[in-house]
file data03.txt (compact mmCIF, C-alpha atoms)
# COMPACT_ATOMS: atom_id res chain seq x y z
CA MET A 1 154.13 219.72 203.45
CA ARG A 2 151.79 219.38 200.48
CA ARG A 3 152.03 221.13 197.11
CA PRO A 4 150.04 224.35 197.84
CA ALA A 5 152.27 225.17 200.81
CA GLN A 6 155.38 224.43 198.74
CA GLY A 7 154.08 226.68 195.98
CA ARG A 8 153.43 229.55 198.40
CA ALA A 9 156.89 229.19 199.93
CA ALA A 10 158.53 229.10 196.48
CA ALA A 11 156.61 232.20 195.35
CA LEU A 12 157.72 234.11 198.44
CA ARG A 13 161.36 233.07 197.88
CA ALA A 14 161.18 234.08 194.20
CA ALA A 15 159.85 237.50 195.23
CA GLY A 16 162.66 237.87 197.78
CA MET A 17 160.17 237.97 200.65
CA PRO A 18 160.40 236.19 203.99
CA ARG A 19 157.96 233.40 204.76
CA GLU A 20 156.38 235.63 207.43
CA ALA A 21 155.24 238.03 204.68
CA MET A 22 152.24 235.75 204.16
CA ARG A 23 149.74 234.94 206.83
CA GLU A 24 147.09 232.24 206.52
CA LEU A 25 143.63 232.53 208.05
CA THR A 26 141.66 229.35 208.56
CA VAL A 27 137.89 229.53 208.17
CA PRO A 28 135.21 227.08 209.35
CA ALA A 29 133.48 226.86 205.95
CA MET A 30 134.03 227.75 202.32
CA ASN A 31 131.19 230.26 201.90
CA ALA A 32 130.59 234.00 201.77
CA ARG A 33 129.70 234.21 205.47
CA ALA A 34 133.05 232.70 206.44
CA GLY A 35 134.75 235.22 204.12
CA GLN A 36 132.92 238.04 205.88
CA GLU A 37 134.09 236.75 209.27
CA ALA A 38 137.68 236.50 208.00
CA ALA A 39 137.55 240.08 206.72
CA ARG A 40 136.24 241.28 210.09
CA ARG A 41 139.20 239.55 211.76
CA LEU A 42 141.60 241.29 209.38
CA LEU A 43 140.01 244.67 210.03
CA ALA A 44 140.15 244.09 213.78
CA ASP A 45 143.90 243.37 213.52
CA GLY A 46 144.35 246.90 212.19
CA ALA A 47 146.99 246.26 209.50
CA LEU A 48 145.57 245.25 206.14
CA PRO A 49 147.72 243.22 203.75
CA ASP A 50 148.54 244.30 200.20
CA ALA A 51 146.69 241.29 198.81
CA ILE A 52 144.27 238.57 199.83
CA PHE A 53 143.98 235.22 198.06
CA CYS A 54 140.91 233.18 198.97
CA ALA A 55 140.51 229.42 198.52
CA ASN A 56 137.32 230.00 196.54
CA ASP A 57 135.28 232.82 195.06
CA LEU A 58 132.53 232.66 197.69
CA LEU A 59 135.08 233.40 200.42
CA ALA A 60 136.50 236.24 198.31
CA LEU A 61 133.06 237.75 197.70
CA GLY A 62 132.39 237.70 201.45
CA VAL A 63 135.76 239.34 202.12
CA MET A 64 135.03 241.96 199.46
CA ARG A 65 131.65 242.83 200.93
CA VAL A 66 133.03 243.56 204.39
CA LEU A 67 136.06 245.45 203.06
CA LEU A 68 133.89 247.69 200.88
CA GLN A 69 131.45 248.31 203.74
CA ALA A 70 134.43 249.37 205.90
CA GLY A 71 135.59 251.85 203.26
CA VAL A 72 138.53 249.77 202.10
CA ARG A 73 139.11 250.28 198.39
CA VAL A 74 139.48 247.10 196.35
CA PRO A 75 141.96 247.02 194.60
CA ALA A 76 143.60 250.38 195.50
CA ASP A 77 144.06 249.45 199.18
CA VAL A 78 143.91 245.64 198.98
CA ALA A 79 144.05 243.39 195.91
CA LEU A 80 141.70 240.39 196.06
CA ILE A 81 141.70 237.09 194.17
CA GLY A 82 139.41 234.06 194.45
CA TYR A 83 139.48 230.55 193.05
CA ASP A 84 136.93 228.72 190.84
CA ASP A 85 135.77 231.65 188.69
CA ILE A 86 132.08 231.21 189.48
CA GLU A 87 129.67 233.10 187.25
CA PHE A 88 128.91 235.81 189.81
CA SER A 89 132.59 236.77 190.15
CA ALA A 90 132.53 238.87 186.99
CA ALA A 91 129.34 240.63 188.13
CA ALA A 92 130.48 241.55 191.67
CA ALA A 93 130.55 245.20 192.83
CA VAL A 94 134.24 245.08 191.91
CA PRO A 95 134.68 242.30 189.33
CA LEU A 96 136.68 239.57 191.06
CA SER A 97 139.94 238.17 189.69
CA SER A 98 139.92 234.41 189.99
CA VAL A 99 141.75 231.21 189.14
CA ARG A 100 139.70 229.16 186.67
CA GLN A 101 139.98 225.40 186.46
CA PRO A 102 139.24 223.67 183.13
CA THR A 103 136.03 222.10 184.49
CA TYR A 104 134.81 220.68 181.17
CA GLN A 105 138.15 218.96 180.65
CA LEU A 106 138.19 217.70 184.26
CA GLY A 107 134.73 216.18 183.89
CA ARG A 108 135.45 214.63 180.51
CA ILE A 109 138.71 212.98 181.61
CA ALA A 110 137.18 211.78 184.91
CA THR A 111 134.27 210.20 183.01
CA GLU A 112 136.60 208.54 180.50
CA LEU A 113 138.74 207.09 183.29
CA LEU A 114 135.69 205.84 185.20
CA LEU A 115 134.20 204.19 182.10
CA GLU A 116 137.57 202.63 181.30
CA GLU A 117 137.77 201.17 184.80
CA CYS A 118 134.18 199.87 184.59
CA ASP A 119 134.86 198.23 181.21
CA ASP A 120 138.15 196.62 182.28
CA PRO A 121 138.64 196.66 186.07
CA GLU A 122 141.59 194.25 185.92
CA GLY A 123 143.45 196.01 183.11
CA HIS A 124 142.75 199.58 184.18
CA ALA A 125 145.77 201.50 185.49
CA HIS A 126 145.13 204.45 187.81
CA GLN A 127 146.58 207.70 186.55
CA GLN A 128 147.34 211.13 187.88
CA VAL A 129 146.18 213.80 185.45
CA MET A 130 147.34 217.40 185.87
CA PHE A 131 145.40 220.34 184.47
CA GLN A 132 146.64 223.90 183.96
CA PRO A 133 144.50 226.52 185.72
CA GLU A 134 144.05 229.99 184.21
CA LEU A 135 144.30 233.30 186.04
CA VAL A 136 141.34 235.49 185.05
CA VAL A 137 142.40 239.07 185.83
CA ARG A 138 139.58 241.48 186.63
CA GLU A 139 139.34 244.77 188.51
CA SER A 140 139.86 243.36 192.03
CA SER A 141 143.58 242.81 191.46
CA ARG A 142 144.51 245.70 189.18
CA ARG A 143 146.64 248.00 191.34
CA VAL A 144 147.70 250.85 189.06
CA GLY A 145 149.78 253.31 191.08
CA ALA A 146 148.61 252.04 194.48
CA GLU A 147 150.88 252.24 197.51
CA GLY A 148 151.01 249.03 199.54
CA SER A 149 152.01 248.14 203.07
CA GLY A 150 155.23 246.38 202.13
CA GLY A 151 154.23 243.14 200.45
CA ALA A 152 152.21 241.34 203.12
CA GLU A 153 149.64 238.88 201.84
CA ILE A 154 146.85 236.86 203.41
CA SER A 155 145.58 233.48 202.26
CA VAL A 156 142.05 232.60 203.40
CA GLY A 157 140.87 228.99 203.28
CA ALA A 158 139.61 225.99 205.18
CA GLY A 159 141.95 223.54 206.79
CA GLY A 160 144.94 223.62 209.05
CA SER A 161 148.21 225.47 209.08
CA GLU A 162 150.44 225.88 206.07
CA GLU A 163 152.50 222.87 207.07
CA GLU A 164 149.39 220.70 207.27
CA ARG A 165 148.17 221.58 203.77

call {"tool": "encode", "arguments": {"input": "data03.txt", "output": "structure tokens"}}
result
Amino acid sequence: MRRPAQGRAAALRAAGMPREAMRELTVPAMNARAGQEAARRLLADGALPDAIFCANDLLALGVMRVLLQAGVRVPADVALIGYDDIEFSAAAAVPLSSVRQPTYQLGRIATELLLEECDDPEGHAHQQVMFQPELVVRESSRRVGAEGSGGAEISVGAGGSEEER
């Protein structure tokens, strides 16, 4: 099991929720169309979750479009969060909450490490650098006074099952 799956399991335990409280949908691509297809699958299942976390903002924007077209209120009925904090997220019909990576810092450190390796391939030591993401809270996840369906959540992203991630 890789780190994202461990993090999801730990968050569920900390919230006192069973592992089954979160369901993962796999999509064929990481774009808005795949998000729309995932939302249609959720609607067809009949029971919407309290929250949906998407692996990127394009998926989340696709999910949002279909939910809104179906009359589902975001965030009153379903909270929605994406990942990447692309520019359009703040301008969506319902401004999208998102996890923002420090992209400038990522690029700068990656460039420094690459140049260091080019300058001294024999003396260069590979490193693992960890960056702290930031949760950007916008309207899509603000649930003031909303009644939920009991804590169920959906994670939408590419790839295999939770154990494979």

call {"tool": "atom_distance", "arguments": {"input": "data03.txt", "atom1": "CA of Gly107 (chain A)", "atom2": "CA of Met130 (chain A)"}}
result
12.8 Å

call {"tool": "closest_residue", "arguments": {"input": "data03.txt", "among": "A:Ser97, A:Gln69, A:Thr26, A:Ser89", "to": "Ala38 (chain A)", "atoms": "all atoms listed in the file"}}
result
A:Thr26

call {"tool": "closest_residue", "arguments": {"input": "data03.txt", "among": "A:Leu67, A:Leu42, A:Val27, A:Val136", "to": "Ile81 (chain A)", "atoms": "all atoms listed in the file"}}
result
A:Val136

call {"tool": "closest_residue", "arguments": {"input": "data03.txt", "among": "A:Glu139, A:Phe131, A:Ala93, A:Gly82", "to": "Ala110 (chain A)", "atoms": "all atoms listed in the file"}}
result
A:Phe131

call {"tool": "atom_distance", "arguments": {"input": "data03.txt", "atom1": "CA of Pro49 (chain A)", "atom2": "CA of Ala21 (chain A)"}}
result
9.2 Å

call {"tool": "residues_around", "arguments": {"input": "data03.txt", "residues": "Gln105 (chain A)", "least_positions_apart": "6", "cutoff": "12 Å", "atoms": "only C-alpha atoms", "output": "mmCIF file with C-alpha atoms, in the frame of the given file"}}
result
data_model
loop_
_atom_site.group_PDB
_atom_site.id
_atom_site.type_symbol
_atom_site.label_atom_id
_atom_site.label_comp_id
_atom_site.auth_asym_id
_atom_site.auth_seq_id
_atom_site.Cartn_x
_atom_site.Cartn_y
_atom_site.Cartn_z
ATOM 1 C CA THR A 111 134.270 210.200 183.010
ATOM 2 C CA GLU A 112 136.600 208.540 180.500
ATOM 3 C CA VAL A 129 146.180 213.800 185.450
ATOM 4 C CA MET A 130 147.340 217.400 185.870
ATOM 5 C CA PHE A 131 145.400 220.340 184.470
ATOM 6 C CA GLN A 132 146.640 223.900 183.960
ATOM 7 C CA PRO A 133 144.500 226.520 185.720
#

call {"tool": "residues_near_point", "arguments": {"input": "data03.txt", "point": "(130.0, 238.6, 193.4)", "cutoff": "6 Å", "atoms": "all atoms listed in the file", "output": "ChimeraX atom specification"}}
result
/A:61,88-89,91-92

call {"tool": "write_last_selection", "arguments": {"input": "data03.txt", "atoms": "C-alpha atoms", "output": "PDB file, in the frame of the given file"}}
result
ATOM      1  CA  LEU A  61     133.060 237.750 197.700  1.00  0.00           C
ATOM      2  CA  PHE A  88     128.910 235.810 189.810  1.00  0.00           C
ATOM      3  CA  SER A  89     132.590 236.770 190.150  1.00  0.00           C
ATOM      4  CA  ALA A  91     129.340 240.630 188.130  1.00  0.00           C
ATOM      5  CA  ALA A  92     130.480 241.550 191.670  1.00  0.00           C
TER       6      ALA A  92
END

call {"tool": "closest_residue", "arguments": {"input": "data03.txt", "among": "A:Val66, A:Ala29, A:Val72, A:Val78", "to": "Ile52 (chain A)", "atoms": "all atoms listed in the file"}}
result
A:Val78

call {"tool": "atom_distance", "arguments": {"input": "data03.txt", "atom1": "CA of Ala79 (chain A)", "atom2": "CA of Ser98 (chain A)"}}
result
11.5 Å

call {"tool": "closest_residue", "arguments": {"input": "data03.txt", "among": "A:Leu135, A:Ala34, A:Leu115, A:Val94", "to": "Leu68 (chain A)", "atoms": "only C-alpha atoms"}}
result
A:Val94

call {"tool": "residues_near_point", "arguments": {"input": "data03.txt", "point": "(131.1, 236.4, 207.0)", "cutoff": "9 Å", "atoms": "all atoms listed in the file", "output": "compact mmCIF listing (two decimals) with C-alpha atoms, in the frame of the given file"}}
result
# COMPACT_ATOMS: atom_id res chain seq x y z
CA ASN A 31 131.19 230.26 201.90
CA ALA A 32 130.59 234.00 201.77
CA ARG A 33 129.70 234.21 205.47
CA ALA A 34 133.05 232.70 206.44
CA GLY A 35 134.75 235.22 204.12
CA GLN A 36 132.92 238.04 205.88
CA GLU A 37 134.09 236.75 209.27
CA ALA A 38 137.68 236.50 208.00
CA ALA A 39 137.55 240.08 206.72
CA ARG A 40 136.24 241.28 210.09
CA LEU A 59 135.08 233.40 200.42
CA GLY A 62 132.39 237.70 201.45
CA VAL A 63 135.76 239.34 202.12
CA ARG A 65 131.65 242.83 200.93
CA VAL A 66 133.03 243.56 204.39

call {"tool": "closest_residue", "arguments": {"input": "data03.txt", "among": "A:Leu114, A:Met17, A:Ala44, A:Ala55", "to": "Pro4 (chain A)", "atoms": "only C-alpha atoms"}}
result
A:Ala55

call {"tool": "axis_aligned_box", "arguments": {"input": "data03.txt", "around": "region 85-101 of chain A", "padding_each_side": "3 Å", "output": "lines of an AutoDock Vina configuration file"}}
result
center_x = 135.3
center_y = 235.3
center_z = 189.6
size_x = 18.8
size_y = 25.8
size_z = 12.4

call {"tool": "build_atoms", "arguments": {"input": "data03.txt", "residues": "region 16-27 of chain A", "atoms": "all heavy atoms", "output": "PDB file, in the frame of the given file"}}
result
ATOM      1  N   GLY A  16     161.704 237.345 196.816  1.00  0.00           N
ATOM      2  CA  GLY A  16     162.660 237.870 197.780  1.00  0.00           C
ATOM      3  C   GLY A  16     162.015 238.279 199.089  1.00  0.00           C
ATOM      4  O   GLY A  16     162.514 239.161 199.781  1.00  0.00           O
ATOM      5  N   MET A  17     160.914 237.629 199.425  1.00  0.00           N
ATOM      6  CA  MET A  17     160.170 237.970 200.650  1.00  0.00           C
ATOM      7  C   MET A  17     160.316 236.867 201.677  1.00  0.00           C
ATOM      8  O   MET A  17     160.391 235.694 201.320  1.00  0.00           O
ATOM      9  CB  MET A  17     158.692 238.185 200.311  1.00  0.00           C
ATOM     10  CG  MET A  17     158.458 239.325 199.333  1.00  0.00           C
ATOM     11  SD  MET A  17     156.742 239.396 198.774  1.00  0.00           S
ATOM     12  CE  MET A  17     155.969 240.006 200.257  1.00  0.00           C
ATOM     13  N   PRO A  18     160.324 237.221 202.949  1.00  0.00           N
ATOM     14  CA  PRO A  18     160.400 236.190 203.990  1.00  0.00           C
ATOM     15  C   PRO A  18     159.079 235.432 204.087  1.00  0.00           C
ATOM     16  O   PRO A  18     158.024 235.937 203.701  1.00  0.00           O
ATOM     17  CB  PRO A  18     160.643 237.005 205.262  1.00  0.00           C
ATOM     18  CG  PRO A  18     160.047 238.333 204.986  1.00  0.00           C
ATOM     19  CD  PRO A  18     160.260 238.572 203.510  1.00  0.00           C
ATOM     20  N   ARG A  19     159.142 234.238 204.606  1.00  0.00           N
ATOM     21  CA  ARG A  19     157.960 233.400 204.760  1.00  0.00           C
ATOM     22  C   ARG A  19     156.877 234.099 205.599  1.00  0.00           C
ATOM     23  O   ARG A  19     155.688 233.922 205.392  1.00  0.00           O
ATOM     24  CB  ARG A  19     158.361 232.082 205.403  1.00  0.00           C
ATOM     25  CG  ARG A  19     157.261 231.082 205.444  1.00  0.00           C
ATOM     26  CD  ARG A  19     157.763 229.783 206.043  1.00  0.00           C
ATOM     27  NE  ARG A  19     156.699 228.822 205.969  1.00  0.00           N
ATOM     28  CZ  ARG A  19     156.849 227.561 205.678  1.00  0.00           C
ATOM     29  NH1 ARG A  19     158.040 227.095 205.424  1.00  0.00           N
ATOM     30  NH2 ARG A  19     155.830 226.755 205.640  1.00  0.00           N
ATOM     31  N   GLU A  20     157.311 234.925 206.548  1.00  0.00           N
ATOM     32  CA  GLU A  20     156.380 235.630 207.430  1.00  0.00           C
ATOM     33  C   GLU A  20     155.583 236.713 206.703  1.00  0.00           C
ATOM     34  O   GLU A  20     154.649 237.277 207.255  1.00  0.00           O
ATOM     35  CB  GLU A  20     157.140 236.286 208.594  1.00  0.00           C
ATOM     36  CG  GLU A  20     157.885 235.318 209.479  1.00  0.00           C
ATOM     37  CD  GLU A  20     159.196 234.828 208.861  1.00  0.00           C
ATOM     38  OE1 GLU A  20     159.891 235.605 208.163  1.00  0.00           O
ATOM     39  OE2 GLU A  20     159.523 233.642 209.059  1.00  0.00           O
ATOM     40  N   ALA A  21     155.958 237.000 205.453  1.00  0.00           N
ATOM     41  CA  ALA A  21     155.240 238.030 204.680  1.00  0.00           C
ATOM     42  C   ALA A  21     153.835 237.563 204.328  1.00  0.00           C
ATOM     43  O   ALA A  21     152.991 238.373 203.963  1.00  0.00           O
ATOM     44  CB  ALA A  21     156.004 238.372 203.405  1.00  0.00           C
ATOM     45  N   MET A  22     153.575 236.262 204.440  1.00  0.00           N
ATOM     46  CA  MET A  22     152.240 235.750 204.160  1.00  0.00           C
ATOM     47  C   MET A  22     151.662 235.106 205.398  1.00  0.00           C
ATOM     48  O   MET A  22     152.315 234.298 206.049  1.00  0.00           O
ATOM     49  CB  MET A  22     152.239 234.734 203.023  1.00  0.00           C
ATOM     50  CG  MET A  22     150.818 234.354 202.642  1.00  0.00           C
ATOM     51  SD  MET A  22     150.725 233.283 201.224  1.00  0.00           S
ATOM     52  CE  MET A  22     151.152 231.737 201.958  1.00  0.00           C
ATOM     53  N   ARG A  23     150.457 235.486 205.693  1.00  0.00           N
ATOM     54  CA  ARG A  23     149.740 234.940 206.830  1.00  0.00           C
ATOM     55  C   ARG A  23     148.540 234.168 206.313  1.00  0.00           C
ATOM     56  O   ARG A  23     147.928 234.561 205.333  1.00  0.00           O
ATOM     57  CB  ARG A  23     149.261 236.112 207.691  1.00  0.00           C
ATOM     58  CG  ARG A  23     148.664 235.703 208.986  1.00  0.00           C
ATOM     59  CD  ARG A  23     148.436 236.948 209.820  1.00  0.00           C
ATOM     60  NE  ARG A  23     147.053 236.940 210.227  1.00  0.00           N
ATOM     61  CZ  ARG A  23     146.342 237.988 210.503  1.00  0.00           C
ATOM     62  NH1 ARG A  23     146.858 239.187 210.383  1.00  0.00           N
ATOM     63  NH2 ARG A  23     145.115 237.889 210.902  1.00  0.00           N
ATOM     64  N   GLU A  24     148.209 233.072 206.946  1.00  0.00           N
ATOM     65  CA  GLU A  24     147.090 232.240 206.520  1.00  0.00           C
ATOM     66  C   GLU A  24     145.999 232.284 207.574  1.00  0.00           C
ATOM     67  O   GLU A  24     146.261 232.071 208.759  1.00  0.00           O
ATOM     68  CB  GLU A  24     147.556 230.808 206.297  1.00  0.00           C
ATOM     69  CG  GLU A  24     146.487 229.922 205.730  1.00  0.00           C
ATOM     70  CD  GLU A  24     147.030 228.562 205.337  1.00  0.00           C
ATOM     71  OE1 GLU A  24     148.251 228.393 205.237  1.00  0.00           O
ATOM     72  OE2 GLU A  24     146.200 227.655 205.150  1.00  0.00           O
ATOM     73  N   LEU A  25     144.787 232.580 207.156  1.00  0.00           N
ATOM     74  CA  LEU A  25     143.630 232.530 208.050  1.00  0.00           C
ATOM     75  C   LEU A  25     142.825 231.282 207.726  1.00  0.00           C
ATOM     76  O   LEU A  25     142.524 231.026 206.564  1.00  0.00           O
ATOM     77  CB  LEU A  25     142.721 233.752 207.842  1.00  0.00           C
ATOM     78  CG  LEU A  25     143.277 235.112 208.195  1.00  0.00           C
ATOM     79  CD1 LEU A  25     142.215 236.181 207.951  1.00  0.00           C
ATOM     80  CD2 LEU A  25     143.729 235.160 209.632  1.00  0.00           C
ATOM     81  N   THR A  26     142.492 230.532 208.739  1.00  0.00           N
ATOM     82  CA  THR A  26     141.660 229.350 208.560  1.00  0.00           C
ATOM     83  C   THR A  26     140.214 229.735 208.845  1.00  0.00           C
ATOM     84  O   THR A  26     139.940 230.484 209.780  1.00  0.00           O
ATOM     85  CB  THR A  26     142.112 228.239 209.521  1.00  0.00           C
ATOM     86  OG1 THR A  26     143.490 227.949 209.252  1.00  0.00           O
ATOM     87  CG2 THR A  26     141.293 226.983 209.341  1.00  0.00           C
ATOM     88  N   VAL A  27     139.303 229.240 208.006  1.00  0.00           N
ATOM     89  CA  VAL A  27     137.890 229.530 208.170  1.00  0.00           C
ATOM     90  C   VAL A  27     137.127 228.223 208.385  1.00  0.00           C
ATOM     91  O   VAL A  27     137.569 227.163 207.955  1.00  0.00           O
ATOM     92  CB  VAL A  27     137.324 230.294 206.952  1.00  0.00           C
ATOM     93  CG1 VAL A  27     137.935 231.684 206.858  1.00  0.00           C
ATOM     94  CG2 VAL A  27     137.547 229.543 205.664  1.00  0.00           C
TER      95      VAL A  27
END
